[in-house]
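First comes the structure, then the notes that go with it.
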Amino acid sequence: MSSRFIGIVYRKELRDLLRDRRTIISMIVMPVIVMPLLMTGLGLAAVKLGGKMRQEIPKVMVLGGADSTNTLSALRALKAFDLVAPSPDFTNLISDKKINAAIGIPTNFDAAVQAGEPAAVTIYTYEGEFKSMIASESLDQFFRLRRDRIVGERLAERHLPEKLFAPFEIRKTNVASPTKVSGNLIGMILPYLVIIMCMTGAIYPSVDLTAGEKERGTMETLLCSPVARTHLVLGKGLVVLTVSLATACLSLLSTGASVMLLKKLAVNSAKGNPLPLTLDPSSLLAVLVMMLPLAIFFSGALLAIGLYSRSAKEANSYLQPLLICTVIPAAAAALPGVELNYGLALVPVLNVSLAGREIMSGLFHWNYIAVVFGSMCLYAALAVALAVALFKREDVLFRT
Amino acid sequence: MIEARQLTKIFRDKKRGEIRAVDNVSFRCQPGRIFGLLGGNGAGKTTCLRLLATILQPSAGAATVAGYEVVTQPEKVRANIGFLSTGTALYGRLTARELVEYFGRLHGLSDDLLRPRLDALFAALDMNEFRDGRCDKLSSGMKQKVSIARTLIHDPAVMIFDEPTHGLDVLAARAVVDFIRQCRARGKTVIFSTHVMSEMEKLCDTIAILHHGRIMAEGSLGQLRERFSCQDLEDIFVRVVEETP
């Protein structure tokens, strides 16, 4: 009988919520339209702009080197740089992005190199500025190749093998499967994204079904019904959970679709050098299962905050710090050196984020997973119990 | 029937300290009769009715509504009352039909019982024209009719009305007053609160004047007139309030 009343409350509250434009925006428009547009839009823009910038010829100022004609001729012959006239104000010109880099060639550089004496060129760059870094890399590559060629010529002159300069090679081989490689990459962002969407998805319904009801005066109407208050709050909680999970699942699906789209576009542009993005469905499912107690925890906690608040405005003022308290541990899982252990497995949000990261990269530490899942179930039960307890308190329901 | 026995409700406020919103109130309302609670703002009418509707719990005392104790059997009490107050608003995003249906289901009515009762109620209250209109688009009078239908869908034995004509125009208020009379005619126990004297005079078989949470005078209109030697209820009310220490 009790489940029947929970079901009646659930169906009514869900219908009521789905008729609200704000629910549709937070549950469907944000994860299905806005997030993929942002991801694919920003991703494509980054790829296109990056490619365009690499095609542009960087402006490079040559400082000195008038007596090093060989080096200067080689630089000009390369036609990879737009060489500009020297100016004493070159540091400001680089900082103001008027030129991309400068190369300082000392007096008698060519002669010193020819004589085998120590010599050095200096590349002046704007650290972190994309175009300046490209110019710097090109200059660095030019001088390295030039140095290697000179070394090769000198070895040949002395009838020595080139292997003298490079006695051995260094090779790198990836031993992880493409799924693991991509899982490791995606695992940095995906659990964070799902946690945040779980939380943001639960915010609007939890406030609307509690503080919103108080404001609209429907709470007293509902309390007149003979249904036990526990069943009323559980019905409401299930609606919050449904919207929260739906938002998370939709965001997951749309993220997956965006990743696939980005991958396809990257394959086309990179001509057979695809991005290492492959999702393992079983890992994805495991992450979703781990999210379930977290979503219940969010639903219970947000419902409790909404119940305690006198108005939606008051509830939102409490939710802002809570959102920050969720974002920080969710994002902390992506920090280098933060690994899942028994201590962190008990920290809500961070534990799920870390476990999600491990699962996505194919690591299943069952002992940690059990602690994470068990502790989250406990926190979820406490949050729901708090919401139920608050719903039974008249000083909370009729707080003025 | 409703019976309140030394019903008391104390609120604790950080600034004002202990507030006795309802103080040792006792009365009886019989089936087929209308019991009126008359009082000014803050007299304790709403709190008293909320206690009877089990929305609030008494700090002391007890009450029986339709044979059930408000403290120990609140769900049974709520299953047997129709509570209508200024605080019981409607779900704006539901239609009139959906809202009444929802409360019918919350009262445990099966679809077989709910449908004919809903149709009869909508016809009796002349609501068919707007049965599929969203509640937030309805006029105040229409909304009040939906609220009335909500309180009646489970055919309760006891009706509790807290200022039911508040904010309504003359015609809508008259329809509500007529509806309360019909409840009495159908043998329901009715308790009704207002600060509108004319409604009290027209409707109530017994009037209790509530002031500072206490019943200061109780009786039929005739008994009150005789006791205070006044014909006008407003004059009686003012005398009661002024005589209160």
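Going by the structure tokens order, chains are called A, B, ..., each with residues numbered from 1, while ligands are numbered from 1 in the order shown.
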
Exercise. For chain B against chain A, which residues fall within 10 Å using only C-alpha atoms, given as a PyMOL selection string?
Worked result: chain B and resi 11-12+50+53-57+74-94+98-99+102-108+147+150-151

Writer output for current selection, C-alpha atoms, as an mmCIF file, in the first residue's frame:
data_model
loop_
_atom_site.group_PDB
_atom_site.id
_atom_site.type_symbol
_atom_site.label_atom_id
_atom_site.label_comp_id
_atom_site.auth_asym_id
_atom_site.auth_seq_id
_atom_site.Cartn_x
_atom_site.Cartn_y
_atom_site.Cartn_z
ATOM 1 C CA PHE B 11 5.408 28.135 19.543
ATOM 2 C CA ARG B 12 8.862 29.055 20.677
ATOM 3 C CA ARG B 50 -4.383 23.154 11.629
ATOM 4 C CA ALA B 53 -6.411 18.824 10.550
ATOM 5 C CA THR B 54 -3.241 17.232 12.083
ATOM 6 C CA ILE B 55 -1.008 19.520 10.069
ATOM 7 C CA LEU B 56 0.369 20.703 13.418
ATOM 8 C CA GLN B 57 0.753 18.673 16.599
ATOM 9 C CA PRO B 74 -3.361 11.588 12.303
ATOM 10 C CA GLU B 75 -3.599 9.708 8.990
ATOM 11 C CA LYS B 76 -7.075 8.382 9.885
ATOM 12 C CA VAL B 77 -8.136 11.902 10.849
ATOM 13 C CA ARG B 78 -6.913 13.321 7.523
ATOM 14 C CA ALA B 79 -8.712 10.568 5.631
ATOM 15 C CA ASN B 80 -11.989 11.795 7.144
ATOM 16 C CA ILE B 81 -11.676 15.543 6.780
ATOM 17 C CA GLY B 82 -11.833 18.070 3.986
ATOM 18 C CA PHE B 83 -9.553 20.977 4.824
ATOM 19 C CA LEU B 84 -9.809 24.239 2.942
ATOM 20 C CA SER B 85 -7.831 27.304 3.920
ATOM 21 C CA THR B 86 -6.138 30.321 2.430
ATOM 22 C CA GLY B 87 -2.906 28.353 2.738
ATOM 23 C CA THR B 88 -4.100 25.379 0.695
ATOM 24 C CA ALA B 89 -3.197 26.489 -2.821
ATOM 25 C CA LEU B 90 -3.488 24.497 -6.041
ATOM 26 C CA TYR B 91 -0.792 22.970 -8.224
ATOM 27 C CA GLY B 92 -0.669 25.522 -11.025
ATOM 28 C CA ARG B 93 0.766 23.183 -13.646
ATOM 29 C CA LEU B 94 -1.976 20.560 -13.200
ATOM 30 C CA GLU B 98 -5.782 16.133 -12.692
ATOM 31 C CA LEU B 99 -5.601 17.918 -9.356
ATOM 32 C CA TYR B 102 -4.579 13.272 -7.610
ATOM 33 C CA PHE B 103 -6.106 13.980 -4.224
ATOM 34 C CA GLY B 104 -8.722 11.307 -4.810
ATOM 35 C CA ARG B 105 -5.914 8.804 -5.369
ATOM 36 C CA LEU B 106 -4.065 10.053 -2.287
ATOM 37 C CA HIS B 107 -7.256 9.254 -0.367
ATOM 38 C CA GLY B 108 -7.050 5.713 -1.676
ATOM 39 C CA SER B 147 -10.285 23.510 -3.961
ATOM 40 C CA ARG B 150 -10.509 18.590 -3.777
ATOM 41 C CA THR B 151 -11.892 18.650 -0.235
#

For this session: Name the residues of stretch 153-214 of chain B that fall into strand (DSSP E or B) according to DSSP on the backbone, using the chain letters and numbers of this document, as a list in words.
Result: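 Strand (DSSP E or B) assignments inside stretch 153-214 of chain B correspond to Val158, Met159, Ile160, Phe161, Asp162, Thr189, Val190, Ile191, Phe192, Ser193, Thr194, Thr206, Ile207, Ala208, Ile209, Leu210, His211 and Arg214 of chain B.
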
Please save C-alpha atoms of the selected residues as a CSV table (one decimal), in the first residue's frame.
chain,number,residue,atom,x,y,z
B,158,VAL,CA,-15.9,16.5,8.7
B,159,MET,CA,-15.2,19.8,6.8
B,160,ILE,CA,-12.7,22.3,8.1
B,161,PHE,CA,-12.8,25.8,6.5
B,162,ASP,CA,-10.3,28.5,7.3
B,189,THR,CA,-19.7,18.3,10.8
B,190,VAL,CA,-18.5,21.7,9.8
B,191,ILE,CA,-16.0,24.0,11.5
B,192,PHE,CA,-15.5,27.4,10.0
B,193,SER,CA,-13.3,30.3,10.8
B,194,THR,CA,-13.6,33.9,9.6
B,206,THR,CA,-22.5,27.9,17.3
B,207,ILE,CA,-20.0,30.7,17.5
B,208,ALA,CA,-16.8,30.7,19.5
B,209,ILE,CA,-15.0,34.0,19.9
B,210,LEU,CA,-11.3,33.4,20.0
B,211,HIS,CA,-8.9,36.0,21.3
B,214,ARG,CA,-8.4,31.4,24.1

For this session: Tell me, as a VMD selection string, which residues lie within 12 Å of A:Ile196, counting only C-alpha atoms; anything in the same chain fewer than 3 positions away does not count.
Result: chain A and resid 31 189 to 193 199 to 203 244 to 245 247 to 249 251 to 252 291 294 to 295 298 322 to 331 349 to 350 352 to 353

Could you please take those selected residues and save C-alpha atoms as a compact mmCIF listing (two decimals), in the first residue's frame?
# COMPACT_ATOMS: atom_id res chain seq x y z
CA PRO A 31 23.11 18.14 -21.43
CA ILE A 189 37.01 14.24 -17.30
CA LEU A 190 34.06 11.85 -17.58
CA PRO A 191 33.40 11.04 -13.88
CA TYR A 192 33.72 14.73 -13.08
CA LEU A 193 31.23 15.61 -15.80
CA MET A 199 24.20 17.41 -8.96
CA THR A 200 23.00 20.19 -11.27
CA GLY A 201 20.20 17.95 -12.53
CA ALA A 202 18.95 17.47 -8.96
CA ILE A 203 19.11 21.14 -7.96
CA SER A 244 19.26 13.74 -11.64
CA LEU A 245 20.01 10.37 -13.28
CA THR A 247 20.40 14.51 -16.70
CA ALA A 248 23.58 12.50 -16.01
CA CYS A 249 22.69 9.78 -18.56
CA SER A 251 24.93 14.21 -20.65
CA LEU A 252 26.86 10.94 -20.86
CA MET A 291 26.99 7.00 -9.57
CA LEU A 294 25.91 9.37 -5.21
CA ALA A 295 22.78 10.47 -7.08
CA PHE A 298 22.58 14.35 -3.82
CA LEU A 322 27.35 23.11 -1.74
CA LEU A 323 27.98 23.19 -5.49
CA ILE A 324 31.51 24.46 -4.86
CA CYS A 325 31.97 21.73 -2.23
CA THR A 326 31.04 19.21 -4.93
CA VAL A 327 33.05 20.67 -7.81
CA ILE A 328 36.32 20.76 -5.85
CA PRO A 329 36.47 17.07 -4.79
CA ALA A 330 35.05 15.95 -8.14
CA ALA A 331 37.80 17.83 -9.98
CA VAL A 349 32.21 12.74 -4.17
CA LEU A 350 36.02 12.47 -4.37
CA VAL A 352 33.32 8.22 -6.72
CA SER A 353 35.34 10.52 -8.96

Problem set entry | Nearby residues (only C-alpha atoms) at most 10 Å from A:Cys377, same-chain spacing under 6 positions excluded, as a list of chain:residue names |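 Neighbouring residues, sequence-local ones excluded: A:Met290, A:Leu292, A:Pro293, A:Leu294, A:Ile296, A:Phe297, A:Val371, A:Ala383.
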
Suppose we keep C-alpha atoms; can you now write the selection as a PDB file, in the first residue's frame?
ATOM      1  CA  MET A 290      28.907   3.781  -8.924  1.00  0.00           C
ATOM      2  CA  LEU A 292      23.702   5.575  -8.284  1.00  0.00           C
ATOM      3  CA  PRO A 293      24.347   5.984  -4.518  1.00  0.00           C
ATOM      4  CA  LEU A 294      25.915   9.369  -5.208  1.00  0.00           C
ATOM      5  CA  ILE A 296      20.638   9.266  -4.140  1.00  0.00           C
ATOM      6  CA  PHE A 297      22.951  11.147  -1.771  1.00  0.00           C
ATOM      7  CA  VAL A 371      34.482   0.663   0.260  1.00  0.00           C
ATOM      8  CA  ALA A 383      20.826  12.050   3.468  1.00  0.00           C
TER       9      ALA A 383
END

Exercise. Using only C-alpha atoms, which of the listed residues (A:Leu262, A:Lys236, A:Ala387, A:Arg310) sits closest to A:Leu44?
Worked result: A:Leu262

For this session: Give me, please, the distance in Å between atom CA of A:Met260 and atom CA of A:Pro281, quoted to one decimal.
Result: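 Taking atom CA of A:Met260 and atom CA of A:Pro281, their separation equals 13.7 Å.
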
Can you pull out every residue within 10 Å of A:Ala389, counting only C-alpha atoms, but drop anything in the same chain fewer than 3 positions away, and send it as a PDB file with C-alpha atoms, in the first residue's frame?
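The resulting selection_25.pdb:
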ATOM      1  CA  ARG A 229       4.786  12.081   5.370  1.00  0.00           C
ATOM      2  CA  THR A 230       7.530   9.510   4.834  1.00  0.00           C
ATOM      3  CA  VAL A 233       8.956  12.757   0.832  1.00  0.00           C
ATOM      4  CA  ALA A 304      16.769  18.345   2.908  1.00  0.00           C
ATOM      5  CA  ALA A 383      20.826  12.050   3.468  1.00  0.00           C
ATOM      6  CA  VAL A 384      17.440  10.437   2.740  1.00  0.00           C
ATOM      7  CA  ALA A 385      16.840   9.887   6.482  1.00  0.00           C
ATOM      8  CA  LEU A 386      17.611  13.566   7.096  1.00  0.00           C
ATOM      9  CA  LYS A 392       8.119  15.432   9.698  1.00  0.00           C
ATOM     10  CA  ARG A 393       9.119  18.560  11.589  1.00  0.00           C
ATOM     11  CA  VAL A 396      10.777  23.210   9.404  1.00  0.00           C
TER      12      VAL A 396
END

Problem set entry | Closest of A:Ala286, A:Ala246, A:Leu265, A:Val388 to A:Gly356 - atom-to-atom distances counting only C-alpha atoms |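 Checking each of A:Ala286, A:Ala246, A:Leu265, A:Val388 against A:Gly356, counting only C-alpha atoms, the winner is A:Ala286.
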
Exercise. Neighbours of B:Leu121 within 8 Å (only C-alpha atoms; same-chain residues fewer than 3 positions away dropped), as a VMD selection string?
Worked result: chain B and resid 117 to 118 124 to 125 149 153

Would you mind exporting C-alpha atoms of the selected residues as a CSV table (one decimal), in the first residue's frame?
chain,number,residue,atom,x,y,z
B,117,ARG,CA,-17.4,10.8,-8.2
B,118,LEU,CA,-15.3,13.2,-10.1
B,124,ALA,CA,-22.5,19.8,-9.2
B,125,LEU,CA,-20.0,22.6,-8.9
B,149,ALA,CA,-13.9,19.7,-5.2
B,153,ILE,CA,-13.6,14.0,-3.6

Exercise. Could you pull out the helix (DSSP H, G or I) residues of stretch 42-125 of chain B from DSSP and send them as an MDAnalysis selection string?
Worked result: chainID B and resid 45:52 74:79 96:106 111:124
